[in-house]
>>> print(open('final_5.txt').read())   # compact mmCIF, C-alpha atoms and all ligand atoms
# COMPACT_ATOMS: atom_id res chain seq x y z
CA MET A 1 -36.25 20.65 -43.83
CA LYS A 2 -36.10 18.51 -46.95
CA VAL A 3 -38.25 15.38 -47.17
CA PHE A 4 -38.54 12.97 -50.10
CA GLU A 5 -41.00 10.16 -50.79
CA ASP A 6 -40.13 6.84 -52.41
CA TYR A 7 -36.50 7.81 -52.26
CA GLU A 8 -33.60 5.60 -53.38
CA LEU A 9 -31.13 5.19 -50.55
CA LYS A 10 -28.30 4.10 -52.82
CA LYS A 11 -27.82 7.80 -53.62
CA HIS A 12 -26.39 8.13 -50.10
CA THR A 13 -24.70 4.83 -49.25
CA THR A 14 -20.94 4.58 -49.80
CA PHE A 15 -21.63 1.05 -51.19
CA LYS A 16 -23.98 2.59 -53.83
CA ILE A 17 -26.44 -0.14 -52.88
CA GLY A 18 -29.93 0.28 -51.39
CA GLY A 19 -33.57 0.32 -52.48
CA LYS A 20 -36.28 2.83 -51.75
CA ALA A 21 -37.60 4.14 -48.46
CA ARG A 22 -41.17 5.40 -48.01
CA LYS A 23 -40.01 8.74 -46.76
CA VAL A 24 -36.57 10.18 -46.08
CA TRP A 25 -36.16 13.23 -43.86
CA PHE A 26 -33.14 15.56 -43.68
CA PRO A 27 -33.38 17.66 -40.47
CA GLU A 28 -31.08 20.67 -40.33
CA ASN A 29 -30.66 21.13 -36.57
CA VAL A 30 -31.23 19.38 -33.23
CA GLU A 31 -34.66 20.99 -32.71
CA GLU A 32 -36.02 19.73 -36.07
CA PHE A 33 -34.45 16.32 -35.42
CA CYS A 34 -36.14 16.03 -31.98
CA GLU A 35 -39.52 16.99 -33.45
CA LEU A 36 -39.19 14.16 -36.00
CA LEU A 37 -38.09 11.68 -33.34
CA LYS A 38 -41.18 12.57 -31.29
CA THR A 39 -43.59 12.08 -34.20
CA ILE A 40 -42.22 9.26 -36.40
CA LYS A 41 -42.77 5.73 -35.10
CA SER A 42 -39.60 3.59 -35.09
CA PRO A 43 -37.53 5.62 -37.54
CA ILE A 44 -34.24 4.37 -38.97
CA VAL A 45 -31.58 6.98 -38.24
CA LEU A 46 -28.58 7.11 -40.56
CA GLY A 47 -25.57 9.38 -40.77
CA ASN A 48 -23.24 9.23 -43.75
CA CYS A 49 -24.34 5.66 -44.64
CA SER A 50 -20.72 4.44 -44.72
CA ASN A 51 -21.08 1.40 -42.49
CA VAL A 52 -24.36 -0.02 -43.76
CA LEU A 53 -25.59 -2.51 -46.32
CA VAL A 54 -29.06 -1.27 -47.25
CA SER A 55 -31.42 -3.88 -48.68
CA SER A 56 -31.96 -3.68 -52.44
CA GLN A 57 -35.59 -4.56 -51.57
CA GLY A 58 -35.84 -1.23 -49.78
CA VAL A 59 -36.72 -0.13 -46.28
CA ASP A 60 -40.18 -0.48 -44.83
CA SER A 61 -40.01 2.52 -42.48
CA ASP A 62 -39.28 6.21 -42.46
CA VAL A 63 -35.61 7.09 -42.59
CA ILE A 64 -33.90 10.15 -41.09
CA ILE A 65 -30.51 11.10 -42.57
CA THR A 66 -28.63 13.51 -40.32
CA THR A 67 -25.91 14.90 -42.60
CA SER A 68 -27.63 18.30 -43.03
CA MET A 69 -27.02 18.88 -39.29
CA LYS A 70 -23.61 20.51 -39.53
CA ASN A 71 -23.38 22.83 -36.49
CA PHE A 72 -20.43 22.70 -34.13
CA THR A 73 -18.72 24.89 -31.53
CA LEU A 74 -15.08 25.10 -30.50
CA GLU A 75 -14.18 26.50 -27.07
CA LYS A 76 -10.55 26.14 -25.99
CA ASN A 77 -9.95 22.38 -26.33
CA ILE A 78 -13.64 21.36 -26.36
CA ILE A 79 -15.42 20.55 -29.63
CA THR A 80 -19.20 20.06 -29.50
CA ALA A 81 -20.72 18.78 -32.73
CA GLU A 82 -24.19 17.86 -33.96
CA CYS A 83 -24.58 14.24 -35.03
CA GLY A 84 -24.47 15.04 -38.75
CA VAL A 85 -21.03 16.65 -38.80
CA LYS A 86 -18.77 14.46 -40.94
CA ALA A 87 -15.69 12.80 -39.46
CA PRO A 88 -13.17 14.41 -41.89
CA MET A 89 -14.70 17.82 -40.99
CA LEU A 90 -14.07 17.08 -37.29
CA ALA A 91 -10.49 16.14 -38.15
CA LYS A 92 -10.08 19.44 -40.03
CA ILE A 93 -11.59 21.57 -37.21
CA ALA A 94 -9.22 19.94 -34.71
CA GLN A 95 -6.19 20.15 -36.98
CA GLU A 96 -6.70 23.86 -37.67
CA ALA A 97 -7.00 24.53 -33.92
CA SER A 98 -3.84 22.49 -33.10
CA LEU A 99 -5.87 19.92 -31.20
CA SER A 100 -4.93 16.26 -31.12
CA GLY A 101 -7.31 13.27 -30.92
CA PHE A 102 -9.05 13.28 -34.33
CA GLU A 103 -6.08 12.61 -36.61
CA PHE A 104 -7.65 9.21 -37.39
CA MET A 105 -11.02 10.54 -38.54
CA ILE A 106 -10.17 10.56 -42.21
CA PHE A 107 -12.94 8.15 -43.22
CA PRO A 108 -16.46 8.96 -44.37
CA GLY A 109 -18.52 8.72 -41.13
CA SER A 110 -20.64 11.25 -39.21
CA VAL A 111 -20.53 12.11 -35.49
CA GLY A 112 -23.62 9.91 -34.93
CA GLY A 113 -22.03 6.94 -36.71
CA VAL A 114 -18.59 7.26 -35.12
CA VAL A 115 -20.02 7.53 -31.59
CA TYR A 116 -22.48 4.66 -32.21
CA MET A 117 -19.58 2.41 -33.38
CA ASN A 118 -16.84 3.89 -31.16
CA ALA A 119 -14.94 4.18 -34.43
CA SER A 120 -11.17 3.83 -34.32
CA ALA A 121 -8.03 3.65 -36.41
CA HIS A 122 -4.29 4.18 -36.02
CA ASN A 123 -4.53 3.56 -32.21
CA GLN A 124 -7.05 6.38 -31.63
CA PHE A 125 -10.67 5.73 -30.56
CA VAL A 126 -13.71 8.02 -30.31
CA SER A 127 -13.90 6.98 -26.65
CA ASP A 128 -10.49 8.65 -26.02
CA THR A 129 -12.08 12.10 -26.44
CA CYS A 130 -15.89 11.79 -26.14
CA VAL A 131 -16.75 13.14 -22.68
CA GLU A 132 -20.48 13.82 -23.02
CA ALA A 133 -23.38 13.07 -25.33
CA ASP A 134 -26.94 14.35 -25.66
CA VAL A 135 -29.25 11.53 -26.71
CA PHE A 136 -32.95 11.29 -27.49
CA ASP A 137 -34.51 8.31 -25.72
CA LEU A 138 -37.08 6.88 -28.16
CA GLU A 139 -38.76 5.03 -25.28
CA SER A 140 -39.40 7.97 -22.94
CA GLY A 141 -39.31 10.75 -25.56
CA LYS A 142 -36.82 12.61 -23.33
CA VAL A 143 -33.42 14.13 -24.04
CA LEU A 144 -30.70 12.79 -21.72
CA THR A 145 -27.14 13.96 -21.18
CA LEU A 146 -24.76 11.03 -20.70
CA ASN A 147 -21.20 11.15 -19.38
CA ALA A 148 -18.34 9.07 -20.81
CA GLN A 149 -18.95 6.22 -18.38
CA GLN A 150 -22.65 6.06 -19.25
CA MET A 151 -21.70 5.80 -22.94
CA ASN A 152 -20.30 2.34 -22.11
CA PHE A 153 -17.70 2.39 -24.88
CA SER A 154 -15.73 -0.71 -25.87
CA TYR A 155 -14.38 -2.06 -29.20
CA ARG A 156 -16.94 -1.09 -31.88
CA HIS A 157 -19.57 -0.61 -29.15
CA SER A 158 -21.44 2.13 -27.29
CA VAL A 159 -24.64 2.39 -25.26
CA LEU A 160 -26.40 3.56 -28.45
CA GLN A 161 -26.40 -0.11 -29.52
CA GLU A 162 -27.93 -1.28 -26.22
CA LYS A 163 -30.76 1.19 -25.74
CA LYS A 164 -33.19 3.06 -27.95
CA TYR A 165 -30.99 6.15 -27.83
CA VAL A 166 -30.38 8.42 -30.79
CA LEU A 167 -27.35 10.70 -30.63
CA LEU A 168 -28.18 14.41 -31.01
CA LYS A 169 -24.75 15.92 -30.33
CA ALA A 170 -21.50 15.00 -28.62
CA LYS A 171 -18.79 16.83 -26.72
CA PHE A 172 -15.12 15.97 -27.20
CA ALA A 173 -12.21 17.02 -24.95
CA MET A 174 -9.14 17.28 -27.16
CA LYS A 175 -5.43 17.45 -26.28
CA ILE A 176 -3.69 20.75 -26.99
CA ALA A 177 -0.74 19.95 -29.25
CA GLU A 178 1.84 21.40 -31.63
CA LYS A 179 0.21 22.09 -35.03
CA SER A 180 3.18 20.50 -36.82
CA ALA A 181 2.72 17.27 -34.84
CA VAL A 182 -1.02 17.10 -35.65
CA ASP A 183 -0.31 17.85 -39.34
CA ALA A 184 2.35 15.13 -39.48
CA LEU A 185 0.05 12.51 -37.93
CA VAL A 186 -2.83 13.32 -40.31
CA GLU A 187 -0.48 13.10 -43.27
CA ARG A 188 0.99 9.81 -42.08
CA ASN A 189 -2.51 8.34 -41.65
CA ILE A 190 -3.66 9.52 -45.09
CA ASN A 191 -0.58 8.00 -46.73
CA PHE A 192 -0.98 4.74 -44.81
CA ARG A 193 -4.55 4.38 -46.13
CA LYS A 194 -3.65 4.93 -49.77
CA ASN A 195 -2.56 1.33 -50.31
CA LYS A 196 -4.43 -0.35 -47.47
CA GLN A 197 -8.04 0.68 -48.17
CA PRO A 198 -10.10 1.22 -51.32
CA SER A 199 -11.09 4.83 -51.99
CA LEU A 200 -14.77 5.63 -52.49
CA ALA A 201 -14.15 5.59 -56.26
CA GLN A 202 -14.62 1.86 -55.63
CA PRO A 203 -17.85 1.91 -53.61
CA ASN A 204 -17.42 0.09 -50.28
CA ALA A 205 -18.46 0.32 -46.64
CA GLY A 206 -15.12 -0.02 -44.87
CA SER A 207 -14.12 -3.18 -42.98
CA VAL A 208 -16.62 -5.97 -43.52
CA PHE A 209 -15.93 -7.96 -40.34
CA LYS A 210 -14.75 -6.94 -36.87
CA ASN A 211 -11.30 -8.08 -35.81
CA PRO A 212 -11.48 -11.14 -33.54
CA GLU A 213 -9.62 -10.75 -30.24
CA ASN A 214 -5.83 -10.58 -30.76
CA ASP A 215 -6.12 -11.17 -34.51
CA SER A 216 -7.06 -9.41 -37.72
CA ALA A 217 -10.05 -10.34 -39.87
CA GLY A 218 -8.11 -9.22 -42.97
CA ARG A 219 -5.19 -11.53 -42.16
CA LEU A 220 -7.45 -14.56 -41.60
CA LEU A 221 -9.47 -13.87 -44.76
CA GLU A 222 -6.36 -13.44 -46.88
CA LYS A 223 -4.77 -16.67 -45.58
CA ALA A 224 -8.03 -18.51 -46.24
CA GLY A 225 -7.97 -17.40 -49.89
CA ALA A 226 -10.88 -14.93 -49.77
CA LYS A 227 -9.17 -12.40 -52.06
CA ALA A 228 -10.27 -14.53 -55.01
CA PHE A 229 -13.95 -14.44 -54.01
CA SER A 230 -16.71 -12.53 -55.77
CA GLN A 231 -20.46 -12.70 -56.23
CA GLY A 232 -21.99 -10.81 -59.15
CA ASP A 233 -20.52 -7.32 -59.05
CA ALA A 234 -19.52 -7.63 -55.36
CA CYS A 235 -15.80 -8.51 -55.08
CA VAL A 236 -13.33 -8.90 -52.26
CA TRP A 237 -10.81 -6.07 -52.76
CA HIS A 238 -7.51 -7.21 -54.29
CA ASP A 239 -5.29 -5.37 -51.75
CA HIS A 240 -7.11 -6.17 -48.49
CA ALA A 241 -9.38 -9.17 -47.95
CA ASN A 242 -11.60 -7.47 -45.32
CA PHE A 243 -13.11 -5.05 -47.88
CA ILE A 244 -15.84 -5.68 -50.43
CA VAL A 245 -16.10 -3.33 -53.41
CA ASN A 246 -19.11 -2.84 -55.65
CA LYS A 247 -17.88 -3.04 -59.24
CA GLY A 248 -21.07 -1.46 -60.56
CA SER A 249 -24.44 -3.09 -60.04
CA ALA A 250 -23.99 -5.34 -56.99
CA SER A 251 -27.17 -5.93 -54.96
CA SER A 252 -27.43 -6.32 -51.21
CA LYS A 253 -27.97 -10.03 -51.84
CA ASP A 254 -24.67 -10.27 -53.76
CA VAL A 255 -22.86 -8.66 -50.81
CA SER A 256 -24.67 -10.86 -48.24
CA ASN A 257 -23.80 -14.03 -50.20
CA LEU A 258 -20.18 -12.93 -50.57
CA MET A 259 -19.94 -12.14 -46.85
CA TYR A 260 -21.31 -15.60 -46.09
CA LYS A 261 -18.62 -17.23 -48.27
CA MET A 262 -15.97 -15.19 -46.41
CA TYR A 263 -17.49 -16.05 -43.02
CA ASN A 264 -17.62 -19.78 -43.89
CA VAL A 265 -14.10 -20.08 -45.28
CA VAL A 266 -12.61 -18.62 -42.06
CA LYS A 267 -14.90 -20.77 -39.94
CA GLU A 268 -13.88 -23.94 -41.80
CA LYS A 269 -10.17 -23.17 -41.85
CA TYR A 270 -9.65 -21.57 -38.42
CA ARG A 271 -12.82 -22.41 -36.43
CA ILE A 272 -13.28 -18.68 -35.92
CA GLU A 273 -16.71 -17.16 -36.51
CA LEU A 274 -16.21 -13.60 -37.71
CA THR A 275 -18.80 -10.98 -36.70
CA PRO A 276 -19.97 -8.46 -39.32
CA GLU A 277 -18.91 -4.86 -38.69
CA ILE A 278 -21.18 -3.62 -41.49
CA GLU A 279 -24.85 -3.36 -40.42
CA TYR A 280 -27.76 -4.59 -42.51
CA ILE A 281 -30.60 -2.09 -42.84
CA GLY A 282 -34.04 -2.71 -44.35
CA THR A 283 -36.13 -5.60 -45.61
CA PRO A 284 -34.05 -8.64 -46.61
CA GLU A 285 -35.12 -11.51 -48.88
CA LYS A 286 -35.68 -14.78 -46.98
CA ASP A 287 -32.27 -16.35 -47.74
CA GLU A 288 -30.52 -13.03 -47.11
CA LYS A 289 -32.19 -12.85 -43.69
CA GLU A 290 -31.03 -16.41 -42.91
CA ILE A 291 -27.43 -15.47 -43.74
CA TRP A 292 -27.50 -12.45 -41.42
CA ASP A 293 -29.28 -14.41 -38.66
CA THR A 294 -26.47 -16.99 -38.81
CA MET A 295 -23.62 -14.47 -38.90
CA LEU A 296 -25.17 -12.47 -36.04
CA LYS A 297 -26.16 -15.64 -34.11
CA ARG A 298 -29.82 -14.58 -34.02
CA LYS A 299 -32.25 -17.42 -33.44
C1 LIG B 301 -13.45 3.84 -47.05
C2 LIG B 301 -13.93 3.62 -45.64
C3 LIG B 301 -13.02 3.59 -44.60
C4 LIG B 301 -13.43 3.38 -43.28
N1 LIG B 301 -12.50 3.37 -42.28
C5 LIG B 301 -12.91 3.21 -41.00
C6 LIG B 301 -11.96 3.22 -39.94
O1 LIG B 301 -10.77 3.39 -40.13
N2 LIG B 301 -12.41 3.03 -38.68
C7 LIG B 301 -13.73 2.85 -38.40
O2 LIG B 301 -14.08 2.70 -37.23
N3 LIG B 301 -14.64 2.82 -39.38
C8 LIG B 301 -14.28 3.00 -40.68
N4 LIG B 301 -15.20 2.98 -41.69
C9 LIG B 301 -16.60 2.66 -41.38
C10 LIG B 301 -17.50 3.86 -41.11
O3 LIG B 301 -17.07 5.04 -41.76
C11 LIG B 301 -17.63 4.12 -39.62
O4 LIG B 301 -18.18 2.99 -38.97
C12 LIG B 301 -18.50 5.31 -39.27
O5 LIG B 301 -18.50 5.45 -37.88
C13 LIG B 301 -19.95 5.17 -39.75
O6 LIG B 301 -20.55 6.44 -39.67
P1 LIG B 301 -21.83 6.80 -40.55
O7 LIG B 301 -22.27 8.15 -40.17
O8 LIG B 301 -21.56 6.58 -41.97
O9 LIG B 301 -22.87 5.72 -40.01
P2 LIG B 301 -24.03 5.01 -40.84
O10 LIG B 301 -23.42 4.03 -41.77
O11 LIG B 301 -24.95 6.01 -41.39
O12 LIG B 301 -24.75 4.22 -39.66
C14 LIG B 301 -24.06 3.20 -38.97
C15 LIG B 301 -24.84 2.88 -37.69
O13 LIG B 301 -24.81 4.05 -36.86
C16 LIG B 301 -26.15 4.39 -36.47
N5 LIG B 301 -26.24 5.83 -36.36
C17 LIG B 301 -25.89 6.79 -37.25
N6 LIG B 301 -26.18 8.01 -36.77
C18 LIG B 301 -26.74 7.84 -35.54
C19 LIG B 301 -27.26 8.72 -34.53
N7 LIG B 301 -27.27 10.04 -34.70
N8 LIG B 301 -27.74 8.16 -33.39
C20 LIG B 301 -27.75 6.82 -33.22
N9 LIG B 301 -27.30 5.94 -34.13
C21 LIG B 301 -26.79 6.44 -35.29
C22 LIG B 301 -27.02 3.86 -37.62
O14 LIG B 301 -28.36 3.65 -37.20
C23 LIG B 301 -26.31 2.56 -37.96
O15 LIG B 301 -26.73 1.56 -37.06
C24 LIG B 301 -14.81 3.20 -43.02
C25 LIG B 301 -15.73 3.23 -44.07
C26 LIG B 301 -15.31 3.46 -45.37
C27 LIG B 301 -16.32 3.50 -46.47
>>> encode(input="final_5.txt", output="structure tokens", more="lines below")
Ligand SMILES: Cc1cc2nc3c(=O)[nH]c(=O)nc-3n(C[C@H](O)[C@H](O)[C@H](O)COP(=O)(O)OP(=O)(O)OC[C@H]3O[C@@H](n4cnc5c(N)ncnc54)[C@H](O)[C@@H]3O)c2cc1C
Amino acid sequence: MKVFEDYELKKHTTFKIGGKARKVWFPENVEEFCELLKTIKSPIVLGNCSNVLVSSQGVDSDVIITTSMKNFTLEKNIITAECGVKAPMLAKIAQEASLSGFEFMIFPGSVGGVVYMNASAHNQFVSDTCVEADVFDLESGKVLTLNAQQMNFSYRHSVLQEKKYVLLKAKFAMKIAEKSAVDALVERNINFRKNKQPSLAQPNAGSVFKNPENDSAGRLLEKAGAKAFSQGDACVWHDHANFIVNKGSASSKDVSNLMYKMYNVVKEKYRIELTPEIEYIGTPEKDEKEIWDTMLKRK
């Protein structure tokens, strides 16, 4: 297994932002991953780093990045994948086997990240197909097998956010479908995204804020004028106001300050307090911490 010391996390984040971590580990299978989880105290576990803002000040703990864990099996309509398998790879495995349910997974997450967030798009959710998950309980040091109900999925939520569980692998029950129908849906989704989301050529971390109930964060932000906002090299994307792109050398503080401007303009105009979808990882500066404490309603 590869391990690096004093390692810059921005090499891995889709935002191209993030300072150094003491040690970064890249386990290659579930056994190696479990050994690390048993020995490292309070590790930060990351997948494809596509939904995180990592502090430019760095991270004061050991980090485990799972994307070298690429094993999966396919039996009839059941796909079982280790947590590091990337979402577009899952979509491809399913598409080639004429299985429906992953046509939406054309964004840069990993199995661990998509299950943690119950990722969704185009009216498909991870929770539609995820029937079982093996997790490592950091509290007891035991591996548990959870069923769909125990995963407690809801919008952008799973039990992985409630307990000290780390996803090892997940099992998905897919729908058997016509290959042409799966192909058509994937193509439609890819085309839809072309104008609606920035590609990774403009570093970003997907939607910045969660959608409030019965509304869209992008719609509210656009109506409130957020498309004109920027802070240093962090800019609200010109085609969709719920994305921030890094024009080159944005810091985590630039992004945090910009998010706070976006949060405040919607709050002032619509009395709606948006909740960040992006997660902050690492050691923030004092004012950065205050911004995140306010947006996350932490005391
Ligand atoms: C261009 C772009 C488009 C996007 N489009 C969408 C979209 O349409 N729909 C959508 O839902 N999201 C979208 N996203 C956001 C993102 O890809 C998803 O949230 C994805 O699920 C994150 O996966 P990740 O592996 O990158 O997670 P990371 O960013 O690495 O981590 C996110 C969180 O998951 C936790 N985590 C990761 N692995 C594990 C594990 N094994 N066990 C426990 N916890 C773990 C981390 O600790 C962290 O808290 C998009 C992002 C980008 C950049």
>>> residues_near_ligand(input="final_5.txt", ligand="ligand LIG 301 (chain B)", cutoff="6 Å", atoms="all atoms listed in the file", output="ChimeraX atom specification")
/A:14,45-52,83,107-110,112-114,116-117,119-121,160,166-168,199-200,204-206
>>> residues_near_point(input="final_5.txt", point="(-42.7, 0.5, -47.4)", cutoff="9 Å", atoms="only C-alpha atoms", output="number ranges by chain")
A: 6, 20-23, 58-62
>>> residues_near_point(input="final_5.txt", point="(-19.1, -4.6, -61.7)", cutoff="12 Å", atoms="all atoms listed in the file", output="ChimeraX atom specification")
/A:16,202-203,230-236,244-251,254
>>> atom_distance(input="final_5.txt", atom1="atom CA of A:Asn242", atom2="atom CA of A:Ser207")
5.5 Å
>>> atom_distance(input="final_5.txt", atom1="atom CA of A:Gln161", atom2="atom CA of A:Glu103")
25.0 Å
>>> closest_atom_pairs(input="final_5.txt", of="stretch 147-218 of chain A", to="stretch 66-78 of chain A", cutoff="9 Å", atoms="only C-alpha atoms", output="Markdown table")
| residue | atom | partner | partner_atom | distance |
| --- | --- | --- | --- | --- |
| A:Lys169 | CA | A:Phe72 | CA | 8.9 |
| A:Lys171 | CA | A:Ile78 | CA | 6.9 |
| A:Phe172 | CA | A:Ile78 | CA | 5.7 |
| A:Ala173 | CA | A:Ile78 | CA | 4.8 |
| A:Met174 | CA | A:Asn77 | CA | 5.2 |
| A:Lys175 | CA | A:Asn77 | CA | 6.7 |
| A:Ile176 | CA | A:Asn77 | CA | 6.5 |
